[in-house]
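Shown next: model.cif, given as mmCIF, C-alpha atoms.
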data_work
#
loop_
_atom_site.label_atom_id
_atom_site.label_comp_id
_atom_site.auth_asym_id
_atom_site.auth_seq_id
_atom_site.Cartn_x
_atom_site.Cartn_y
_atom_site.Cartn_z
CA MET A 1 0.00 0.00 0.00
CA THR A 2 2.93 2.29 0.56
CA ARG A 3 6.61 2.52 -0.24
CA ASP A 4 7.38 3.98 3.19
CA SER A 5 7.76 1.29 5.84
CA ALA A 6 7.16 3.83 8.63
CA ILE A 7 3.77 4.64 7.17
CA ALA A 8 3.03 1.00 6.42
CA GLU A 9 3.23 0.40 10.20
CA SER A 10 0.21 2.70 10.66
CA VAL A 11 -1.90 0.37 8.52
CA GLN A 12 -3.92 -2.44 10.05
CA ALA A 13 -4.97 -5.46 8.01
CA TRP A 14 -7.19 -8.43 8.76
CA ARG A 15 -9.26 -11.18 7.18
CA PRO A 16 -12.92 -11.12 8.27
CA ALA A 17 -14.25 -14.62 8.86
CA ALA A 18 -17.63 -13.81 7.34
CA ILE A 19 -16.16 -12.55 4.05
CA PRO A 20 -14.10 -15.46 2.65
CA GLY A 21 -11.01 -14.44 0.71
CA ALA A 22 -11.33 -10.76 1.61
CA LEU A 23 -8.48 -8.59 2.87
CA CYS A 24 -9.46 -5.49 4.85
CA LEU A 25 -7.13 -2.58 5.55
CA HIS A 26 -7.45 0.62 7.59
CA GLY A 27 -4.84 3.30 8.11
CA THR A 28 -2.97 6.30 6.76
CA THR A 29 -0.49 6.57 3.92
CA GLN A 30 1.16 9.06 1.57
CA ARG A 31 1.26 7.05 -1.64
CA TYR A 32 0.46 3.66 -3.10
CA ALA A 33 0.86 1.76 -6.37
CA ILE A 34 -0.83 -1.56 -7.15
CA ASP A 35 -1.56 -3.73 -10.16
CA PRO A 36 -4.28 -6.15 -9.02
CA ILE A 37 -5.01 -9.28 -11.01
CA ALA A 38 -8.49 -10.79 -10.68
CA GLU A 39 -9.12 -8.68 -7.56
CA CYS A 40 -11.33 -5.64 -7.03
CA VAL A 41 -10.38 -2.84 -4.63
CA PHE A 42 -13.10 -0.94 -2.77
CA GLY A 43 -12.26 1.91 -0.43
CA ILE A 44 -13.35 5.14 1.17
CA ILE A 45 -11.36 8.22 2.16
CA THR A 46 -12.12 8.93 5.83
CA SER A 47 -9.83 11.96 6.16
CA GLY A 48 -7.50 13.97 3.94
CA ALA A 49 -7.42 13.60 0.17
CA MET A 50 -5.51 11.74 -2.53
CA GLN A 51 -4.90 12.06 -6.24
CA ALA A 52 -5.14 8.77 -8.11
CA ARG A 53 -3.97 7.92 -11.61
CA ARG A 54 -5.31 5.05 -13.68
CA GLY A 55 -4.12 4.91 -17.25
CA ARG A 56 -4.42 8.42 -18.66
CA GLU A 57 -7.10 9.46 -16.20
CA ARG A 58 -6.48 11.38 -12.97
CA TYR A 59 -8.96 11.63 -10.11
CA VAL A 60 -9.02 13.49 -6.81
CA PHE A 61 -10.68 11.62 -3.94
CA GLN A 62 -11.69 13.61 -0.88
CA GLN A 63 -13.19 12.73 2.49
CA GLY A 64 -16.31 10.63 2.02
CA ASP A 65 -15.50 9.63 -1.57
CA LEU A 66 -15.69 5.96 -2.52
CA ALA A 67 -13.09 4.39 -4.82
CA MET A 68 -13.99 1.24 -6.71
CA TRP A 69 -11.39 -0.29 -9.03
CA ASP A 70 -11.70 -3.47 -11.06
CA PRO A 71 -8.52 -5.38 -12.10
CA SER A 72 -8.52 -4.13 -15.69
CA ALA A 73 -5.67 -1.63 -15.11
CA PRO A 74 -3.04 -0.74 -12.50
CA HIS A 75 -3.48 2.44 -10.48
CA ARG A 76 -1.44 4.59 -8.15
CA GLY A 77 -2.08 7.50 -5.84
CA MET A 78 -0.42 10.15 -3.72
CA SER A 79 -1.54 12.60 -1.05
CA TYR A 80 -3.33 15.70 -2.30
CA GLY A 81 -3.10 18.98 -0.39
CA GLN A 82 -2.10 17.28 2.87
CA ALA A 83 0.74 15.12 4.13
CA GLN A 84 -1.29 11.91 4.03
CA TRP A 85 -4.78 10.50 3.93
CA GLU A 86 -6.73 7.90 5.89
CA ALA A 87 -8.74 5.19 4.17
CA ARG A 88 -10.63 1.96 4.71
CA LEU A 89 -10.23 -0.73 2.04
CA ILE A 90 -11.68 -4.12 1.16
CA ILE A 91 -9.90 -6.22 -1.48
CA LEU A 92 -12.08 -8.97 -2.94
CA GLN A 93 -11.32 -11.64 -5.51
CA LEU A 94 -13.28 -11.11 -8.70
CA PRO A 95 -15.27 -14.38 -8.49
CA ALA A 96 -16.45 -13.38 -5.00
CA VAL A 97 -17.62 -10.01 -6.34
CA GLU A 98 -19.51 -11.75 -9.11
CA ASP A 99 -21.21 -14.07 -6.62
CA LEU A 100 -22.28 -11.08 -4.53
CA LEU A 101 -23.70 -9.31 -7.54
CA LEU A 102 -25.46 -12.37 -8.93
CA ASP A 103 -29.17 -11.97 -8.27
CA PRO A 104 -31.42 -14.42 -10.17
CA ASP A 105 -34.31 -11.98 -9.83
CA ALA A 106 -32.45 -8.97 -11.23
CA PRO A 107 -30.71 -8.07 -14.51
CA PRO A 108 -27.03 -9.15 -14.79
CA PHE A 109 -24.61 -6.58 -13.38
CA PRO A 110 -21.27 -6.00 -15.14
CA VAL A 111 -18.22 -6.27 -12.90
CA ARG A 112 -16.65 -3.04 -14.04
CA PHE A 113 -15.44 -0.40 -11.61
CA ASP A 114 -13.14 2.16 -13.19
CA SER A 115 -14.97 5.48 -12.92
CA ALA A 116 -14.41 8.75 -11.08
CA PRO A 117 -14.95 9.06 -7.31
CA VAL A 118 -18.39 7.90 -6.20
CA ARG A 119 -20.04 10.58 -4.08
CA ASN A 120 -23.03 8.86 -2.56
CA PRO A 121 -23.49 9.50 1.20
CA LEU A 122 -25.80 6.52 1.75
CA LEU A 123 -23.48 4.12 -0.08
CA ALA A 124 -20.50 5.56 1.79
CA GLU A 125 -22.22 5.16 5.17
CA SER A 126 -23.10 1.55 4.37
CA PHE A 127 -19.50 0.81 3.38
CA VAL A 128 -18.11 2.28 6.61
CA ASN A 129 -20.63 0.28 8.68
CA LEU A 130 -19.61 -2.89 6.82
CA HIS A 131 -15.91 -2.19 7.29
CA ARG A 132 -16.27 -1.43 11.02
CA ALA A 133 -18.32 -4.58 11.53
CA SER A 134 -15.56 -6.63 9.93
CA GLU A 135 -13.09 -5.39 12.56
CA ARG A 136 -14.74 -6.90 15.57
CA GLN A 137 -15.88 -10.22 16.86
CA GLY A 138 -19.60 -10.64 16.43
CA SER A 139 -22.30 -12.14 14.34
CA ALA A 140 -21.00 -13.63 11.09
CA LEU A 141 -24.54 -13.37 9.77
CA MET A 142 -24.59 -9.63 10.48
CA GLN A 143 -21.31 -9.13 8.60
CA SER A 144 -22.59 -11.18 5.68
CA ASP A 145 -25.85 -9.25 5.63
CA LEU A 146 -24.03 -5.90 5.61
CA LEU A 147 -21.81 -7.08 2.76
CA HIS A 148 -24.71 -8.27 0.63
CA GLU A 149 -26.74 -5.18 1.41
CA TRP A 150 -23.89 -2.91 0.30
CA PHE A 151 -23.55 -4.74 -3.00
CA ARG A 152 -27.33 -4.69 -3.43
CA GLN A 153 -27.24 -0.90 -3.10
CA LEU A 154 -24.27 -0.73 -5.44
CA ALA A 155 -26.01 -2.78 -8.10
CA GLY A 156 -29.20 -0.75 -7.97
CA GLY A 157 -30.18 0.56 -11.39
CA ARG A 158 -27.34 -1.15 -13.28
CA GLU A 159 -28.04 -3.12 -16.47
CA GLN A 160 -26.38 -4.80 -19.42
CA GLU A 161 -24.13 -7.87 -19.37
CA THR A 162 -20.60 -7.21 -20.61
CA SER A 163 -18.41 -9.46 -22.71
CA ALA A 164 -16.09 -9.81 -19.72
CA ARG A 165 -18.88 -11.23 -17.59
CA ARG A 166 -19.95 -13.58 -20.36
CA ALA A 167 -16.36 -14.80 -20.64
CA ARG A 168 -16.16 -15.49 -16.91
CA ARG A 169 -19.27 -17.66 -17.18
CA ASP A 170 -17.67 -19.89 -19.82
CA LEU A 171 -17.39 -23.45 -18.50
CA GLY A 172 -14.00 -24.00 -20.13
CA LEU A 173 -12.52 -20.92 -18.49
CA ARG A 174 -14.01 -21.93 -15.16
CA ARG A 175 -12.37 -25.36 -15.39
CA ALA A 176 -9.00 -23.77 -16.13
CA CYS A 177 -9.36 -21.26 -13.28
CA GLU A 178 -10.32 -24.00 -10.83
CA LEU A 179 -7.13 -25.89 -11.66
CA LEU A 180 -4.95 -22.81 -11.19
CA ARG A 181 -6.68 -21.83 -7.95
CA ASP A 182 -6.59 -25.35 -6.50
CA ASP A 183 -2.88 -25.83 -7.28
CA PRO A 184 -1.07 -22.50 -7.81
CA THR A 185 2.29 -24.29 -7.78
CA ALA A 186 1.36 -26.35 -10.84
CA ASN A 187 3.81 -25.96 -13.72
CA VAL A 188 1.27 -26.54 -16.48
CA THR A 189 1.61 -25.62 -20.14
CA LEU A 190 -1.06 -23.81 -22.12
CA THR A 191 -1.72 -27.06 -23.99
CA GLN A 192 -2.32 -28.93 -20.73
CA LEU A 193 -4.52 -26.16 -19.39
CA ALA A 194 -6.56 -26.10 -22.59
CA ALA A 195 -7.02 -29.87 -22.32
CA VAL A 196 -8.46 -29.43 -18.82
CA ALA A 197 -10.71 -26.64 -20.10
CA ARG A 198 -11.70 -28.81 -23.10
CA ILE A 199 -11.29 -25.87 -25.49
CA SER A 200 -8.54 -24.70 -27.84
CA ARG A 201 -5.48 -22.83 -26.63
CA HIS A 202 -6.43 -19.77 -28.68
CA ARG A 203 -9.94 -19.64 -27.26
CA LEU A 204 -8.64 -20.12 -23.73
CA SER A 205 -6.16 -17.25 -24.08
CA ARG A 206 -8.89 -15.00 -25.49
CA LEU A 207 -11.22 -15.88 -22.62
CA PHE A 208 -8.58 -15.07 -19.99
CA ARG A 209 -7.87 -11.70 -21.59
CA SER A 210 -11.55 -10.88 -21.94
CA ALA A 211 -12.48 -12.03 -18.43
CA TYR A 212 -9.48 -10.89 -16.41
CA GLY A 213 -7.48 -8.60 -18.68
CA CYS A 214 -4.41 -10.83 -18.54
CA PRO A 215 -3.01 -14.05 -20.09
CA PRO A 216 -3.21 -17.35 -18.17
CA HIS A 217 0.33 -17.15 -16.79
CA GLN A 218 -0.38 -13.80 -15.10
CA PHE A 219 -3.57 -15.20 -13.60
CA LEU A 220 -1.49 -18.07 -12.20
CA LEU A 221 1.00 -15.59 -10.72
CA ALA A 222 -1.88 -13.85 -8.97
CA GLN A 223 -2.92 -17.17 -7.37
CA ARG A 224 0.66 -17.71 -6.20
CA VAL A 225 0.80 -14.24 -4.68
CA ARG A 226 -2.43 -14.89 -2.79
CA LEU A 227 -1.12 -18.24 -1.54
CA ALA A 228 2.09 -16.56 -0.37
CA ARG A 229 0.05 -13.90 1.43
CA SER A 230 -1.98 -16.54 3.25
CA LEU A 231 1.21 -18.33 4.31
CA ILE A 232 2.77 -15.13 5.62
CA ASP A 233 -0.50 -14.45 7.47
CA VAL A 234 0.06 -17.53 9.65
CA GLY A 235 3.71 -16.78 10.38
CA THR A 236 5.50 -18.66 7.62
CA SER A 237 8.89 -17.16 6.80
CA ILE A 238 9.14 -15.21 3.56
CA THR A 239 11.64 -17.69 2.16
CA GLU A 240 9.42 -20.68 2.89
CA ALA A 241 6.31 -18.84 1.68
CA ALA A 242 8.03 -18.17 -1.64
CA GLN A 243 9.02 -21.82 -2.03
CA ARG A 244 5.63 -23.24 -1.04
CA SER A 245 3.69 -20.87 -3.30
CA GLY A 246 5.64 -21.77 -6.42
CA PHE A 247 8.03 -18.83 -6.78
CA SER A 248 11.56 -19.55 -7.91
CA ASP A 249 13.04 -17.55 -5.04
CA GLN A 250 12.32 -14.83 -2.49
CA SER A 251 13.16 -12.00 -4.90
CA HIS A 252 10.58 -13.35 -7.36
CA LEU A 253 7.88 -13.15 -4.66
CA HIS A 254 9.16 -9.70 -3.64
CA ARG A 255 8.72 -8.36 -7.16
CA HIS A 256 5.22 -9.69 -7.69
CA LEU A 257 3.81 -8.89 -4.24
CA LYS A 258 5.16 -5.35 -4.51
CA ARG A 259 3.52 -4.98 -7.89
CA SER A 260 0.14 -6.43 -6.92
CA LEU A 261 -0.36 -4.96 -3.44
CA GLY A 262 2.22 -2.17 -3.22
CA LEU A 263 3.96 -3.87 -0.28
CA THR A 264 7.15 -5.88 -0.09
CA PRO A 265 6.89 -9.26 1.68
CA GLY A 266 8.70 -7.72 4.66
CA GLU A 267 6.23 -4.84 4.88
CA TYR A 268 3.31 -7.21 4.51
CA GLY A 269 4.79 -9.45 7.19
CA ARG A 270 4.90 -6.55 9.65
CA LEU A 271 1.14 -6.34 9.28
CA ARG A 272 0.78 -10.08 9.93
CA SER A 273 -0.34 -9.76 13.56
CA ASN A 274 -3.49 -8.06 12.33
CA VAL A 275 -4.04 -10.22 9.22
CA GLN A 276 -6.33 -12.71 10.85
CA ASP A 277 -9.93 -13.26 11.84
CA ARG A 278 -10.59 -10.41 14.25
CA THR A 279 -11.19 -11.41 17.86
CA ARG A 280 -11.13 -7.93 19.36
CA THR A 281 -12.49 -4.52 18.55
CA SER A 282 -9.95 -2.14 17.02
CA PRO A 283 -9.99 1.56 17.91
CA ARG A 284 -11.80 3.68 15.39
#

Write-out of the structure in structure tokens:
Amino acid sequence: MTRDSAIAESVQAWRPAAIPGALCLHGTTQRYAIDPIAECVFGIITSGAMQARRGRERYVFQQGDLAMWDPSAPHRGMSYGQAQWEARLIILQLPAVEDLLLDPDAPPFPVRFDSAPVRNPLLAESFVNLHRASERQGSALMQSDLLHEWFRQLAGGREQETSARRARRDLGLRRACELLRDDPTANVTLTQLAAVARISRHRLSRLFRSAYGCPPHQFLLAQRVRLARSLIDVGTSITEAAQRSGFSDQSHLHRHLKRSLGLTPGEYGRLRSNVQDRTRTSPR
């Protein structure tokens, strides 16, 4: 989240038990740079302001503004007008976002978040309530309800199914993704992966690019990064985490974790005491 280890220490991170696969963060920073793969980043500025850049677009987020980024492009930000800003974030894997937005009684909702700051007080209040609930021990049902309610509000009034969503529903792509998620250390070729998917290599590559904006090997790297993060969460050394998650060495993990989350493995490890299912209430 930041290139400054002193500021990284002011960030708390945890995994809420009621939101599988989610990573929540809360704290202050001066800058960040991330390139998420198959993960969406949702956040709110709670004090200060930041200027974010995504592709050729620049946005200024101020207190109360919601940021919602899909994995289609990297983005970076820096403080705007003040020394730093405070934010609350939830990082969710794309399939989890799709599941939350899937309502059989409503029109399909495209998983595309790449617009300017969202200035909606009711949506912002719901997000903060959800984020605060994830910090403390309590009803898992309440946390789940708050999460689904926030996405229900978010999806209100949206229509049209995108080609990306159609691609992610393809059975062949889903078979390939299941293999890569179940065994991120697998050293499979595109031919082998296509055989599992039961489609051609060319079609499989096109589906990955349409669905996730990346080729299959980058999607696999993202699964390895997430596995390494989960190992570091439970106290595994960085060296062992790199080996067990399929990276050739520690520097390889360092490069890809820094790119995807904006933190080195060492910086992420310093957050490890808070990257867990919360059993206490954190100060707000």

Exercise. Separation of CA of Ile238 (chain A) and CA of Ile37 (chain A), in Å?
Worked result: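 Result for CA of Ile238 (chain A) versus CA of Ile37 (chain A): 21.2 Å, one decimal.
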
For this session: Rank nothing, just name the residue among A:Ser245, A:Leu271, A:Glu135, A:Leu221 nearest to Ala17 (chain A), using only C-alpha atoms.
Result: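 Looking only at the distances to Ala17 (chain A), the closest residue turns out to be A:Glu135.
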
Exercise. What is the distance, in Å and to one decimal place, between CA of Val97 (chain A) and CA of Ala22 (chain A)?
Worked result: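 CA of Ala22 (chain A) lies 10.2 Å from CA of Val97 (chain A).
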
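Taking all atoms listed in the file, the non-local environment of Gly27 (chain A) within 7 Å (same-chain residues fewer than 4 positions away omitted) comprises Ser10, Val11, Gln12, Glu86, Ala87 and Arg88 of chain A.
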
For this session: Take the PyMOL selection byres ((chain A and resi 207) around 12), apply it to the structure above, and return the hits as a PyMOL selection string.
Result: chain A and resi 163-177+194+197+199-206+208-216+219

Exercise. Between A:Gln93, A:Gln30, A:Thr46, A:Ser251, which has the minimum distance to Val128 (chain A) (counting all atoms listed in the file)?
Worked result: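 Comparing A:Gln93, A:Gln30, A:Thr46, A:Ser251 against Val128 (chain A), the winner is A:Thr46.
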
For this session: Go through A:Pro95, A:Gly269, A:Pro36, A:Pro16 one by one, measure the shortest atom-to-atom distance of each to Ala241 (chain A) using all atoms listed in the file, and give the residue with the smallest value.
Result: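 Among A:Pro95, A:Gly269, A:Pro36, A:Pro16, it is A:Gly269 that comes nearest to Ala241 (chain A).
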
Could I get region 206-238 of chain A rebuilt with N, CA and C atoms, written as a PDB file, keeping the file's coordinate frame?
ATOM      1  N   ARG A 206      -7.957 -16.114 -25.262  1.00  0.00           N
ATOM      2  CA  ARG A 206      -8.890 -15.000 -25.490  1.00  0.00           C
ATOM      3  C   ARG A 206      -9.834 -14.835 -24.299  1.00  0.00           C
ATOM      4  N   LEU A 207     -10.304 -15.953 -23.756  1.00  0.00           N
ATOM      5  CA  LEU A 207     -11.220 -15.880 -22.620  1.00  0.00           C
ATOM      6  C   LEU A 207     -10.542 -15.261 -21.400  1.00  0.00           C
ATOM      7  N   PHE A 208      -9.293 -15.651 -21.129  1.00  0.00           N
ATOM      8  CA  PHE A 208      -8.580 -15.070 -19.990  1.00  0.00           C
ATOM      9  C   PHE A 208      -8.422 -13.560 -20.163  1.00  0.00           C
ATOM     10  N   ARG A 209      -8.066 -13.128 -21.357  1.00  0.00           N
ATOM     11  CA  ARG A 209      -7.870 -11.700 -21.590  1.00  0.00           C
ATOM     12  C   ARG A 209      -9.188 -10.937 -21.501  1.00  0.00           C
ATOM     13  N   SER A 210     -10.244 -11.537 -22.002  1.00  0.00           N
ATOM     14  CA  SER A 210     -11.550 -10.880 -21.940  1.00  0.00           C
ATOM     15  C   SER A 210     -12.083 -10.832 -20.510  1.00  0.00           C
ATOM     16  N   ALA A 211     -11.913 -11.935 -19.781  1.00  0.00           N
ATOM     17  CA  ALA A 211     -12.480 -12.030 -18.430  1.00  0.00           C
ATOM     18  C   ALA A 211     -11.662 -11.287 -17.395  1.00  0.00           C
ATOM     19  N   TYR A 212     -10.337 -11.413 -17.477  1.00  0.00           N
ATOM     20  CA  TYR A 212      -9.480 -10.890 -16.410  1.00  0.00           C
ATOM     21  C   TYR A 212      -8.461  -9.859 -16.873  1.00  0.00           C
ATOM     22  N   GLY A 213      -8.411  -9.603 -18.178  1.00  0.00           N
ATOM     23  CA  GLY A 213      -7.480  -8.600 -18.680  1.00  0.00           C
ATOM     24  C   GLY A 213      -6.032  -9.034 -18.637  1.00  0.00           C
ATOM     25  N   CYS A 214      -5.785 -10.342 -18.619  1.00  0.00           N
ATOM     26  CA  CYS A 214      -4.410 -10.830 -18.540  1.00  0.00           C
ATOM     27  C   CYS A 214      -4.354 -12.225 -19.155  1.00  0.00           C
ATOM     28  N   PRO A 215      -3.167 -12.674 -19.576  1.00  0.00           N
ATOM     29  CA  PRO A 215      -3.010 -14.050 -20.090  1.00  0.00           C
ATOM     30  C   PRO A 215      -3.013 -15.047 -18.932  1.00  0.00           C
ATOM     31  N   PRO A 216      -3.142 -16.338 -19.232  1.00  0.00           N
ATOM     32  CA  PRO A 216      -3.210 -17.350 -18.170  1.00  0.00           C
ATOM     33  C   PRO A 216      -2.036 -17.330 -17.198  1.00  0.00           C
ATOM     34  N   HIS A 217      -0.817 -17.079 -17.694  1.00  0.00           N
ATOM     35  CA  HIS A 217       0.330 -17.150 -16.790  1.00  0.00           C
ATOM     36  C   HIS A 217       0.284 -16.040 -15.743  1.00  0.00           C
ATOM     37  N   GLN A 218      -0.263 -14.862 -16.090  1.00  0.00           N
ATOM     38  CA  GLN A 218      -0.380 -13.800 -15.100  1.00  0.00           C
ATOM     39  C   GLN A 218      -1.467 -14.118 -14.078  1.00  0.00           C
ATOM     40  N   PHE A 219      -2.529 -14.764 -14.535  1.00  0.00           N
ATOM     41  CA  PHE A 219      -3.570 -15.200 -13.600  1.00  0.00           C
ATOM     42  C   PHE A 219      -2.983 -16.197 -12.601  1.00  0.00           C
ATOM     43  N   LEU A 220      -2.134 -17.111 -13.092  1.00  0.00           N
ATOM     44  CA  LEU A 220      -1.490 -18.070 -12.200  1.00  0.00           C
ATOM     45  C   LEU A 220      -0.583 -17.369 -11.198  1.00  0.00           C
ATOM     46  N   LEU A 221       0.146 -16.355 -11.637  1.00  0.00           N
ATOM     47  CA  LEU A 221       1.000 -15.590 -10.720  1.00  0.00           C
ATOM     48  C   LEU A 221       0.167 -14.953  -9.614  1.00  0.00           C
ATOM     49  N   ALA A 222      -1.012 -14.470  -9.973  1.00  0.00           N
ATOM     50  CA  ALA A 222      -1.880 -13.850  -8.970  1.00  0.00           C
ATOM     51  C   ALA A 222      -2.299 -14.878  -7.915  1.00  0.00           C
ATOM     52  N   GLN A 223      -2.564 -16.126  -8.342  1.00  0.00           N
ATOM     53  CA  GLN A 223      -2.920 -17.170  -7.370  1.00  0.00           C
ATOM     54  C   GLN A 223      -1.732 -17.476  -6.459  1.00  0.00           C
ATOM     55  N   ARG A 224      -0.526 -17.453  -7.019  1.00  0.00           N
ATOM     56  CA  ARG A 224       0.660 -17.710  -6.200  1.00  0.00           C
ATOM     57  C   ARG A 224       0.896 -16.590  -5.187  1.00  0.00           C
ATOM     58  N   VAL A 225       0.652 -15.356  -5.603  1.00  0.00           N
ATOM     59  CA  VAL A 225       0.800 -14.240  -4.680  1.00  0.00           C
ATOM     60  C   VAL A 225      -0.196 -14.380  -3.528  1.00  0.00           C
ATOM     61  N   ARG A 226      -1.431 -14.739  -3.845  1.00  0.00           N
ATOM     62  CA  ARG A 226      -2.430 -14.890  -2.790  1.00  0.00           C
ATOM     63  C   ARG A 226      -2.086 -16.043  -1.852  1.00  0.00           C
ATOM     64  N   LEU A 227      -1.544 -17.135  -2.406  1.00  0.00           N
ATOM     65  CA  LEU A 227      -1.120 -18.240  -1.540  1.00  0.00           C
ATOM     66  C   LEU A 227       0.018 -17.791  -0.638  1.00  0.00           C
ATOM     67  N   ALA A 228       0.981 -17.058  -1.176  1.00  0.00           N
ATOM     68  CA  ALA A 228       2.090 -16.560  -0.370  1.00  0.00           C
ATOM     69  C   ALA A 228       1.585 -15.637   0.736  1.00  0.00           C
ATOM     70  N   ARG A 229       0.615 -14.784   0.418  1.00  0.00           N
ATOM     71  CA  ARG A 229       0.050 -13.900   1.430  1.00  0.00           C
ATOM     72  C   ARG A 229      -0.582 -14.693   2.556  1.00  0.00           C
ATOM     73  N   SER A 230      -1.323 -15.751   2.213  1.00  0.00           N
ATOM     74  CA  SER A 230      -1.980 -16.540   3.250  1.00  0.00           C
ATOM     75  C   SER A 230      -0.959 -17.272   4.112  1.00  0.00           C
ATOM     76  N   LEU A 231       0.157 -17.681   3.526  1.00  0.00           N
ATOM     77  CA  LEU A 231       1.210 -18.330   4.310  1.00  0.00           C
ATOM     78  C   LEU A 231       1.894 -17.354   5.255  1.00  0.00           C
ATOM     79  N   ILE A 232       2.165 -16.148   4.768  1.00  0.00           N
ATOM     80  CA  ILE A 232       2.770 -15.130   5.620  1.00  0.00           C
ATOM     81  C   ILE A 232       1.818 -14.752   6.750  1.00  0.00           C
ATOM     82  N   ASP A 233       0.512 -14.764   6.456  1.00  0.00           N
ATOM     83  CA  ASP A 233      -0.500 -14.450   7.470  1.00  0.00           C
ATOM     84  C   ASP A 233      -0.358 -15.325   8.706  1.00  0.00           C
ATOM     85  N   VAL A 234       0.003 -16.606   8.517  1.00  0.00           N
ATOM     86  CA  VAL A 234       0.060 -17.530   9.650  1.00  0.00           C
ATOM     87  C   VAL A 234       1.470 -17.693  10.178  1.00  0.00           C
ATOM     88  N   GLY A 235       2.378 -16.791   9.793  1.00  0.00           N
ATOM     89  CA  GLY A 235       3.710 -16.780  10.380  1.00  0.00           C
ATOM     90  C   GLY A 235       4.789 -17.510   9.619  1.00  0.00           C
ATOM     91  N   THR A 236       4.486 -17.987   8.426  1.00  0.00           N
ATOM     92  CA  THR A 236       5.500 -18.660   7.620  1.00  0.00           C
ATOM     93  C   THR A 236       6.563 -17.654   7.192  1.00  0.00           C
ATOM     94  N   SER A 237       7.812 -18.056   7.214  1.00  0.00           N
ATOM     95  CA  SER A 237       8.890 -17.160   6.800  1.00  0.00           C
ATOM     96  C   SER A 237       8.728 -16.796   5.325  1.00  0.00           C
ATOM     97  N   ILE A 238       9.276 -15.669   4.945  1.00  0.00           N
ATOM     98  CA  ILE A 238       9.140 -15.210   3.560  1.00  0.00           C
ATOM     99  C   ILE A 238       9.797 -16.200   2.606  1.00  0.00           C
TER     100      ILE A 238
END
